[in-house]
file entry.cif (mmCIF, C-alpha atoms)
data_model
#
loop_
_atom_site.group_PDB
_atom_site.id
_atom_site.type_symbol
_atom_site.label_atom_id
_atom_site.label_comp_id
_atom_site.auth_asym_id
_atom_site.auth_seq_id
_atom_site.Cartn_x
_atom_site.Cartn_y
_atom_site.Cartn_z
ATOM 1 C CA MET A 1000 5.401 92.628 209.510
ATOM 2 C CA VAL A 1001 4.852 96.263 208.545
ATOM 3 C CA GLU A 1002 8.383 97.054 209.621
ATOM 4 C CA ALA A 1003 9.760 94.162 207.587
ATOM 5 C CA ILE A 1004 8.011 95.384 204.494
ATOM 6 C CA ALA A 1005 8.978 98.983 205.176
ATOM 7 C CA LEU A 1006 12.596 97.954 205.147
ATOM 8 C CA HIS A 1007 12.255 96.355 201.742
ATOM 9 C CA ALA A 1008 13.476 98.117 198.671
ATOM 10 C CA ASP A 1009 13.215 101.774 199.578
ATOM 11 C CA LEU A 1010 15.626 102.569 196.818
ATOM 12 C CA GLY A 1011 14.602 103.237 193.265
ATOM 13 C CA ALA A 1012 11.424 104.547 191.697
ATOM 14 C CA TRP A 1013 8.032 102.967 192.157
ATOM 15 C CA THR A 1014 6.541 101.658 188.950
ATOM 16 C CA LEU A 1015 3.295 99.962 188.027
ATOM 17 C CA ALA A 1016 5.293 96.836 187.245
ATOM 18 C CA ALA A 1017 6.379 96.704 190.890
ATOM 19 C CA LEU A 1018 2.929 95.372 191.725
ATOM 20 C CA ALA A 1019 3.993 92.131 190.055
ATOM 21 C CA GLU A 1020 6.454 91.704 192.934
ATOM 22 C CA ARG A 1021 4.913 90.213 196.030
ATOM 23 C CA ALA A 1022 6.749 92.490 198.484
ATOM 24 C CA ALA A 1023 5.656 95.644 196.660
ATOM 25 C CA PHE A 1024 2.098 94.329 196.353
ATOM 26 C CA GLU A 1025 2.036 93.691 200.112
ATOM 27 C CA ARG A 1026 3.492 97.095 200.755
ATOM 28 C CA HIS A 1027 0.697 98.722 198.753
ATOM 29 C CA ALA A 1028 -1.928 96.778 200.715
ATOM 30 C CA VAL A 1029 -0.248 97.590 204.037
ATOM 31 C CA ALA A 1030 -0.076 101.306 203.238
ATOM 32 C CA VAL A 1031 -3.771 101.322 202.345
ATOM 33 C CA ALA A 1032 -4.795 99.331 205.420
ATOM 34 C CA ALA A 1033 -2.685 101.558 207.669
ATOM 35 C CA ALA A 1034 -4.340 104.639 206.187
ATOM 36 C CA ILE A 1035 -7.805 103.179 206.756
ATOM 37 C CA ALA A 1036 -6.840 102.349 210.333
ATOM 38 C CA ASP A 1037 -5.526 105.893 210.827
ATOM 39 C CA ARG A 1038 -8.739 107.310 209.440
ATOM 40 C CA ILE A 1039 -10.984 105.415 211.840
ATOM 41 C CA CYS A 1040 -8.522 105.380 214.788
ATOM 42 C CA ALA A 1041 -8.352 101.583 214.763
ATOM 43 C CA LYS A 1042 -5.668 98.942 214.980
ATOM 44 C CA VAL A 1043 -4.971 96.808 211.949
ATOM 45 C CA GLU A 1044 -3.390 93.417 211.418
ATOM 46 C CA ILE A 1045 -2.279 92.164 208.029
ATOM 47 C CA ASP A 1046 -2.625 88.472 207.206
ATOM 48 C CA VAL A 1047 0.419 87.714 205.064
ATOM 49 C CA GLY A 1048 -1.033 84.431 203.828
ATOM 50 C CA GLU A 1049 -4.236 86.086 202.669
ATOM 51 C CA CYS A 1050 -2.195 88.842 201.044
ATOM 52 C CA ALA A 1051 -0.216 86.189 199.171
ATOM 53 C CA GLY A 1052 -3.489 84.736 197.925
ATOM 54 C CA ALA A 1053 -4.645 88.151 196.739
ATOM 55 C CA PHE A 1054 -1.294 88.658 195.031
ATOM 56 C CA ALA A 1055 -1.636 85.343 193.190
ATOM 57 C CA ASP A 1056 -5.136 86.284 192.028
ATOM 58 C CA PHE A 1057 -3.953 89.717 190.930
ATOM 59 C CA VAL A 1058 -1.004 88.343 188.982
ATOM 60 C CA GLU A 1059 -3.199 85.765 187.292
ATOM 61 C CA ALA A 1060 -5.741 88.407 186.289
ATOM 62 C CA VAL A 1061 -3.134 90.813 184.931
ATOM 63 C CA ALA A 1062 -1.130 88.109 183.174
ATOM 64 C CA GLY A 1063 -4.292 86.998 181.411
ATOM 65 C CA HIS A 1064 -5.143 90.525 180.342
ATOM 66 C CA GLN A 1065 -4.729 90.575 176.598
ATOM 67 C CA THR A 1066 -3.972 93.961 175.169
ATOM 68 C CA GLY A 1067 -2.625 95.271 171.934
ATOM 69 C CA GLU A 1068 -1.445 98.850 172.235
ATOM 70 C CA PRO A 1069 -1.652 99.671 175.976
ATOM 71 C CA ALA A 1070 -4.363 102.209 176.674
ATOM 72 C CA PRO A 1071 -5.943 103.904 179.709
ATOM 73 C CA ALA A 1072 -8.670 101.243 179.687
ATOM 74 C CA ASP A 1073 -5.982 98.661 180.433
ATOM 75 C CA PHE A 1074 -4.844 100.667 183.447
ATOM 76 C CA ILE A 1075 -8.431 100.902 184.682
ATOM 77 C CA ALA A 1076 -8.734 97.123 184.251
ATOM 78 C CA VAL A 1077 -5.578 96.649 186.337
ATOM 79 C CA CYS A 1078 -7.032 98.800 189.133
ATOM 80 C CA ALA A 1079 -10.266 96.812 188.946
ATOM 81 C CA GLY A 1080 -8.237 93.608 189.091
ATOM 82 C CA LEU A 1081 -6.569 94.867 192.238
ATOM 83 C CA VAL A 1082 -9.958 95.604 193.777
ATOM 84 C CA ALA A 1083 -11.346 92.191 192.824
ATOM 85 C CA SER A 1084 -8.327 90.234 194.032
ATOM 86 C CA LEU A 1085 -8.164 91.942 197.432
ATOM 87 C CA ALA A 1086 -11.930 91.711 197.952
ATOM 88 C CA ARG A 1087 -11.726 87.911 197.781
ATOM 89 C CA HIS A 1088 -9.289 87.678 200.698
ATOM 90 C CA HIS A 1089 -9.242 88.667 204.361
ATOM 91 C CA VAL A 1090 -6.060 90.712 204.081
ATOM 92 C CA ALA A 1091 -6.690 93.291 206.800
ATOM 93 C CA ARG A 1092 -8.396 92.955 210.166
ATOM 94 C CA TYR A 1093 -9.390 96.182 211.900
ATOM 95 C CA ALA A 1094 -10.145 96.559 215.590
ATOM 96 C CA ALA A 1095 -11.612 99.800 216.866
ATOM 97 C CA GLY A 1096 -10.389 101.034 220.223
ATOM 98 C CA GLY A 1097 -12.398 102.616 222.976
ATOM 99 C CA GLU A 1098 -15.881 101.961 224.223
ATOM 100 C CA ALA A 1099 -17.702 104.681 222.323
ATOM 101 C CA PRO A 1100 -20.059 103.414 219.628
ATOM 102 C CA PRO A 1101 -18.339 103.577 216.227
ATOM 103 C CA ASP A 1102 -19.217 106.371 213.853
ATOM 104 C CA ARG A 1103 -20.659 105.380 210.509
ATOM 105 C CA MET A 1104 -17.336 105.272 208.605
ATOM 106 C CA THR A 1105 -15.823 103.088 211.301
ATOM 107 C CA GLY A 1106 -18.883 100.897 211.164
ATOM 108 C CA ALA A 1107 -18.541 100.557 207.386
ATOM 109 C CA VAL A 1108 -14.889 99.505 207.689
ATOM 110 C CA LEU A 1109 -15.561 97.059 210.523
ATOM 111 C CA THR A 1110 -18.530 95.537 208.691
ATOM 112 C CA TYR A 1111 -16.872 95.348 205.260
ATOM 113 C CA PRO A 1112 -13.113 95.243 205.911
ATOM 114 C CA ASP A 1113 -12.211 93.243 202.815
ATOM 115 C CA GLU A 1114 -14.307 95.368 200.500
ATOM 116 C CA VAL A 1115 -13.218 98.744 201.898
ATOM 117 C CA THR A 1116 -9.558 97.685 201.807
ATOM 118 C CA ALA A 1117 -9.961 96.456 198.236
ATOM 119 C CA LEU A 1118 -11.778 99.553 197.016
ATOM 120 C CA ALA A 1119 -9.309 101.899 198.688
ATOM 121 C CA SER A 1120 -6.376 99.946 197.229
ATOM 122 C CA GLY A 1121 -7.672 100.172 193.672
ATOM 123 C CA ALA A 1122 -8.666 103.788 194.160
ATOM 124 C CA ALA A 1123 -5.254 104.719 195.569
ATOM 125 C CA LEU A 1124 -3.479 103.178 192.590
ATOM 126 C CA TYR A 1125 -5.845 104.901 190.175
ATOM 127 C CA LEU A 1126 -5.864 108.343 191.693
ATOM 128 C CA LEU A 1127 -2.113 108.611 192.327
ATOM 129 C CA ARG A 1128 -1.335 107.720 188.733
ATOM 130 C CA VAL A 1129 -4.066 109.997 187.338
ATOM 131 C CA ARG A 1130 -3.005 112.875 189.581
ATOM 132 C CA ALA A 1131 0.606 112.463 188.503
ATOM 133 C CA LEU A 1132 -0.512 112.522 184.882
ATOM 134 C CA THR A 1133 -2.992 115.399 184.982
ATOM 135 C CA GLY A 1134 -2.041 117.377 188.082
ATOM 136 C CA VAL A 1135 -5.651 117.105 189.217
ATOM 137 C CA ASP A 1136 -6.918 114.869 192.022
ATOM 138 C CA PRO A 1137 -9.715 112.729 190.543
ATOM 139 C CA SER A 1138 -11.213 111.980 193.960
ATOM 140 C CA VAL A 1139 -13.472 113.754 196.412
ATOM 141 C CA PRO A 1140 -13.779 112.980 200.124
ATOM 142 C CA LEU A 1141 -16.504 110.364 200.406
ATOM 143 C CA SER A 1142 -19.302 110.182 202.915
ATOM 144 C CA PRO A 1143 -19.653 107.020 205.000
ATOM 145 C CA LEU A 1144 -22.865 106.261 203.136
ATOM 146 C CA ILE A 1145 -21.064 106.195 199.784
ATOM 147 C CA VAL A 1146 -18.287 103.971 201.151
ATOM 148 C CA GLU A 1147 -20.784 101.608 202.773
ATOM 149 C CA ASN A 1148 -22.849 101.414 199.594
ATOM 150 C CA ALA A 1149 -19.772 100.713 197.459
ATOM 151 C CA ALA A 1150 -18.671 97.982 199.859
ATOM 152 C CA ILE A 1151 -22.083 96.317 199.816
ATOM 153 C CA LEU A 1152 -22.194 96.363 196.018
ATOM 154 C CA LEU A 1153 -18.675 94.922 195.820
ATOM 155 C CA ARG A 1154 -19.496 92.159 198.311
ATOM 156 C CA HIS A 1155 -22.491 91.053 196.295
ATOM 157 C CA GLY A 1156 -21.343 92.020 192.800
ATOM 158 C CA GLY A 1157 -17.818 90.596 192.684
ATOM 159 C CA ASN A 1158 -15.885 91.334 189.508
ATOM 160 C CA GLN A 1159 -18.800 93.155 187.908
ATOM 161 C CA ALA A 1160 -18.799 95.635 190.775
ATOM 162 C CA ALA A 1161 -14.998 95.860 190.890
ATOM 163 C CA ILE A 1162 -14.817 97.137 187.316
ATOM 164 C CA ARG A 1163 -17.183 99.936 188.409
ATOM 165 C CA PHE A 1164 -14.861 101.133 191.186
ATOM 166 C CA ARG A 1165 -14.588 104.636 189.704
ATOM 167 C CA GLU A 1166 -18.349 105.069 189.635
ATOM 168 C CA LEU A 1167 -18.766 103.563 193.109
ATOM 169 C CA LEU A 1168 -16.113 105.884 194.602
ATOM 170 C CA GLN A 1169 -17.025 108.941 192.496
ATOM 171 C CA LEU A 1170 -13.613 109.130 190.839
ATOM 172 C CA THR A 1171 -13.393 111.255 187.735
ATOM 173 C CA THR A 1172 -11.754 110.031 184.542
ATOM 174 C CA PRO A 1173 -9.458 112.236 182.459
ATOM 175 C CA TRP A 1174 -9.739 110.071 179.356
ATOM 176 C CA ALA A 1175 -12.569 110.351 176.858
ATOM 177 C CA MET B 688 18.246 60.492 196.635
ATOM 178 C CA PHE B 689 14.801 61.710 197.659
ATOM 179 C CA ALA B 690 15.921 65.308 197.857
ATOM 180 C CA ARG B 691 17.632 65.071 194.494
ATOM 181 C CA ASP B 692 14.439 63.671 192.965
ATOM 182 C CA GLN B 693 12.447 66.561 194.398
ATOM 183 C CA GLN B 694 14.593 69.261 192.869
ATOM 184 C CA PRO B 695 13.253 69.048 189.320
ATOM 185 C CA ARG B 696 9.691 69.161 190.609
ATOM 186 C CA GLU B 697 10.438 72.176 192.791
ATOM 187 C CA ARG B 698 12.164 73.883 189.909
ATOM 188 C CA ALA B 699 9.156 73.152 187.698
ATOM 189 C CA GLU B 700 6.756 74.573 190.312
ATOM 190 C CA ALA B 701 8.889 77.682 190.698
ATOM 191 C CA ALA B 702 9.004 78.124 186.934
ATOM 192 C CA ALA B 703 5.225 77.695 186.692
ATOM 193 C CA GLY B 704 4.784 80.378 189.368
ATOM 194 C CA ALA B 705 7.275 82.685 187.714
ATOM 195 C CA ARG B 706 5.590 82.614 184.325
ATOM 196 C CA PRO B 707 2.425 84.527 185.301
ATOM 197 C CA VAL B 708 4.516 86.963 187.351
ATOM 198 C CA ALA B 709 6.707 87.697 184.343
ATOM 199 C CA ALA B 710 3.657 88.046 182.108
ATOM 200 C CA ALA B 711 1.946 90.372 184.590
ATOM 201 C CA ARG B 712 5.105 92.438 184.955
ATOM 202 C CA ALA B 713 5.292 92.810 181.181
ATOM 203 C CA VAL B 714 1.650 93.934 180.939
ATOM 204 C CA LEU B 715 2.105 96.470 183.740
ATOM 205 C CA ALA B 716 5.380 97.788 182.368
ATOM 206 C CA ALA B 717 3.820 98.262 178.936
ATOM 207 C CA ILE B 718 0.934 100.260 180.424
ATOM 208 C CA ASP B 719 3.355 102.414 182.393
ATOM 209 C CA ALA B 720 5.523 103.038 179.353
ATOM 210 C CA LYS B 721 2.609 103.940 177.102
ATOM 211 C CA VAL B 722 0.035 105.632 179.328
ATOM 212 C CA PHE B 723 2.254 107.193 182.008
ATOM 213 C CA ALA B 724 5.451 107.804 180.101
ATOM 214 C CA ASP B 725 5.692 111.474 181.031
ATOM 215 C CA ILE B 726 5.031 111.431 184.752
ATOM 216 C CA ARG B 727 7.640 112.125 187.404
ATOM 217 C CA PRO B 728 9.074 108.951 188.931
ATOM 218 C CA VAL B 729 8.198 108.574 192.608
ATOM 219 C CA PRO B 730 10.567 106.836 195.033
ATOM 220 C CA PHE B 731 9.203 103.745 196.816
ATOM 221 C CA TYR B 732 9.242 105.400 200.225
ATOM 222 C CA GLU B 733 7.295 108.398 198.922
ATOM 223 C CA GLN B 734 4.704 106.165 197.242
ATOM 224 C CA SER B 735 3.609 104.730 200.594
ATOM 225 C CA VAL B 736 3.186 108.210 202.045
ATOM 226 C CA LEU B 737 1.174 109.344 199.020
ATOM 227 C CA ILE B 738 -1.052 106.262 199.290
ATOM 228 C CA ARG B 739 -1.781 106.950 202.937
ATOM 229 C CA ARG B 740 -2.608 110.601 202.317
ATOM 230 C CA ALA B 741 -4.816 109.710 199.349
ATOM 231 C CA VAL B 742 -6.774 107.040 201.231
ATOM 232 C CA ILE B 743 -7.306 109.189 204.311
ATOM 233 C CA ARG B 744 -8.580 112.015 202.089
ATOM 234 C CA LEU B 745 -10.794 109.632 200.091
ATOM 235 C CA LEU B 746 -12.413 108.361 203.269
ATOM 236 C CA GLY B 747 -13.349 111.825 204.324
ATOM 237 C CA ASP B 748 -10.463 112.949 206.517
ATOM 238 C CA GLY B 749 -12.428 112.268 209.702
#
call {"tool": "encode", "arguments": {"input": "entry.cif", "output": "structure tokens"}}
result
Amino acid sequence: MVEAIALHADLGAWTLAALAERAAFERHAVAVAAAIADRICAKVEIDVGECAGAFADFVEAVAGHQTGEPAPADFIAVCAGLVASLARHHVARYAAGGEAPPDRMTGAVLTYPDEVTALASGAALYLLRVRALTGVDPSVPLSPLIVENAAILLRHGGNQAAIRFRELLQLTTPWA
Amino acid sequence: MFARDQQPRERAEAAAGARPVAAARAVLAAIDAKVFADIRPVPFYEQSVLIRRAVIRLLGDG
């Protein structure tokens, strides 16, 4: 599945609008899930059906987003919409290898896979665009405790927590 | 006959699914054009690499 997506549309520039295409949306989710799996030395499987559900939710949320003159707040809302849509679906399944007890970050991912995948997806979109705009990385490496706390709040807070993804992940904001 | 009768319904369902996609694409393109007009375009293949680096760093690099 990863290979199939990797073969898709490598030509051309990535744009925000690409996320309205299912293949590019899946590719974003796969890249994030693969990175999380790399980070915790785990295997990951992507559920294409669940990813399609998340895509439908994301498209619906963005399509319903009424805006006049586009502003940074609209971009932040899009990132939050990405977080919320992925958190409602079981897109990625992680399986840790080995017999050693998992460290705390691994434990957070294995306990809250949907939430960590969702938060990392929204954060990745946000910080890559902000870094390209400002030249400054708006993120800091997070402790497992922060990630676990953010995941718990997202699981129980839904959309209200998703819109707070920057606060939960300690991302800075370049806009006043 | 049955298949021919189904076609309009399938076309209608496809059109209904395409409408929110088109609307979402328009919203996203407008944000890109207004908020991120001056940034360097990134090829698709590079975007995936950047995402992976960013997420691994965000989660503390191990």
call {"tool": "atom_distance", "arguments": {"input": "entry.cif", "atom1": "atom CA of A:Ala1091", "atom2": "atom CA of A:Asp1113"}}
result
6.8 Å
call {"tool": "resolve_selection", "arguments": {"input": "entry.cif", "expression": "the PyMOL selection byres ((chain B) within 8 of (chain A))", "output": "short mmCIF file (atom, residue, chain, number, x, y, z; two decimals) with C-alpha atoms, in the frame of the given file"}}
result
data_model
loop_
_atom_site.label_atom_id
_atom_site.label_comp_id
_atom_site.auth_asym_id
_atom_site.auth_seq_id
_atom_site.Cartn_x
_atom_site.Cartn_y
_atom_site.Cartn_z
CA PRO B 707 2.42 84.53 185.30
CA VAL B 708 4.52 86.96 187.35
CA ALA B 709 6.71 87.70 184.34
CA ALA B 710 3.66 88.05 182.11
CA ALA B 711 1.95 90.37 184.59
CA ARG B 712 5.11 92.44 184.96
CA ALA B 713 5.29 92.81 181.18
CA VAL B 714 1.65 93.93 180.94
CA LEU B 715 2.10 96.47 183.74
CA ALA B 716 5.38 97.79 182.37
CA ALA B 717 3.82 98.26 178.94
CA ILE B 718 0.93 100.26 180.42
CA ASP B 719 3.36 102.41 182.39
CA LYS B 721 2.61 103.94 177.10
CA VAL B 722 0.04 105.63 179.33
CA PHE B 723 2.25 107.19 182.01
CA ASP B 725 5.69 111.47 181.03
CA ILE B 726 5.03 111.43 184.75
CA ARG B 727 7.64 112.12 187.40
CA PRO B 728 9.07 108.95 188.93
CA VAL B 729 8.20 108.57 192.61
CA PRO B 730 10.57 106.84 195.03
CA PHE B 731 9.20 103.74 196.82
CA TYR B 732 9.24 105.40 200.22
CA GLN B 734 4.70 106.16 197.24
CA SER B 735 3.61 104.73 200.59
CA VAL B 736 3.19 108.21 202.04
CA LEU B 737 1.17 109.34 199.02
CA ILE B 738 -1.05 106.26 199.29
CA ARG B 739 -1.78 106.95 202.94
CA ARG B 740 -2.61 110.60 202.32
CA ALA B 741 -4.82 109.71 199.35
CA VAL B 742 -6.77 107.04 201.23
CA ILE B 743 -7.31 109.19 204.31
CA ARG B 744 -8.58 112.02 202.09
CA LEU B 745 -10.79 109.63 200.09
CA LEU B 746 -12.41 108.36 203.27
CA GLY B 747 -13.35 111.82 204.32
CA ASP B 748 -10.46 112.95 206.52
CA GLY B 749 -12.43 112.27 209.70
#
call {"tool": "atom_distance", "arguments": {"input": "entry.cif", "atom1": "atom CA of A:Leu1081", "atom2": "atom CA of A:Ile1162"}}
result
9.9 Å
call {"tool": "atom_distance", "arguments": {"input": "entry.cif", "atom1": "atom CA of A:Cys1050", "atom2": "atom CA of A:Gly1097"}}
result
27.8 Å
call {"tool": "resolve_selection", "arguments": {"input": "entry.cif", "expression": "the PyMOL selection byres ((chain A and resi 1154) around 12)", "output": "ChimeraX atom specification"}}
result
/A:1082-1083,1085-1088,1110-1118,1147-1153,1155-1161
call {"tool": "closest_residue", "arguments": {"input": "entry.cif", "among": "A:Ile1075, A:Leu1167, A:Leu1109, A:Ala1094", "to": "A:Ala1041", "atoms": "all atoms listed in the file"}}
result
A:Ala1094
call {"tool": "axis_aligned_box", "arguments": {"input": "entry.cif", "around": "stretch 720-734 of chain B", "padding_each_side": "5 Å", "output": "JSON"}}
result
{"center_x": 5.3, "center_y": 107.6, "center_z": 188.7, "size_x": 20.5, "size_y": 19.1, "size_z": 33.1}
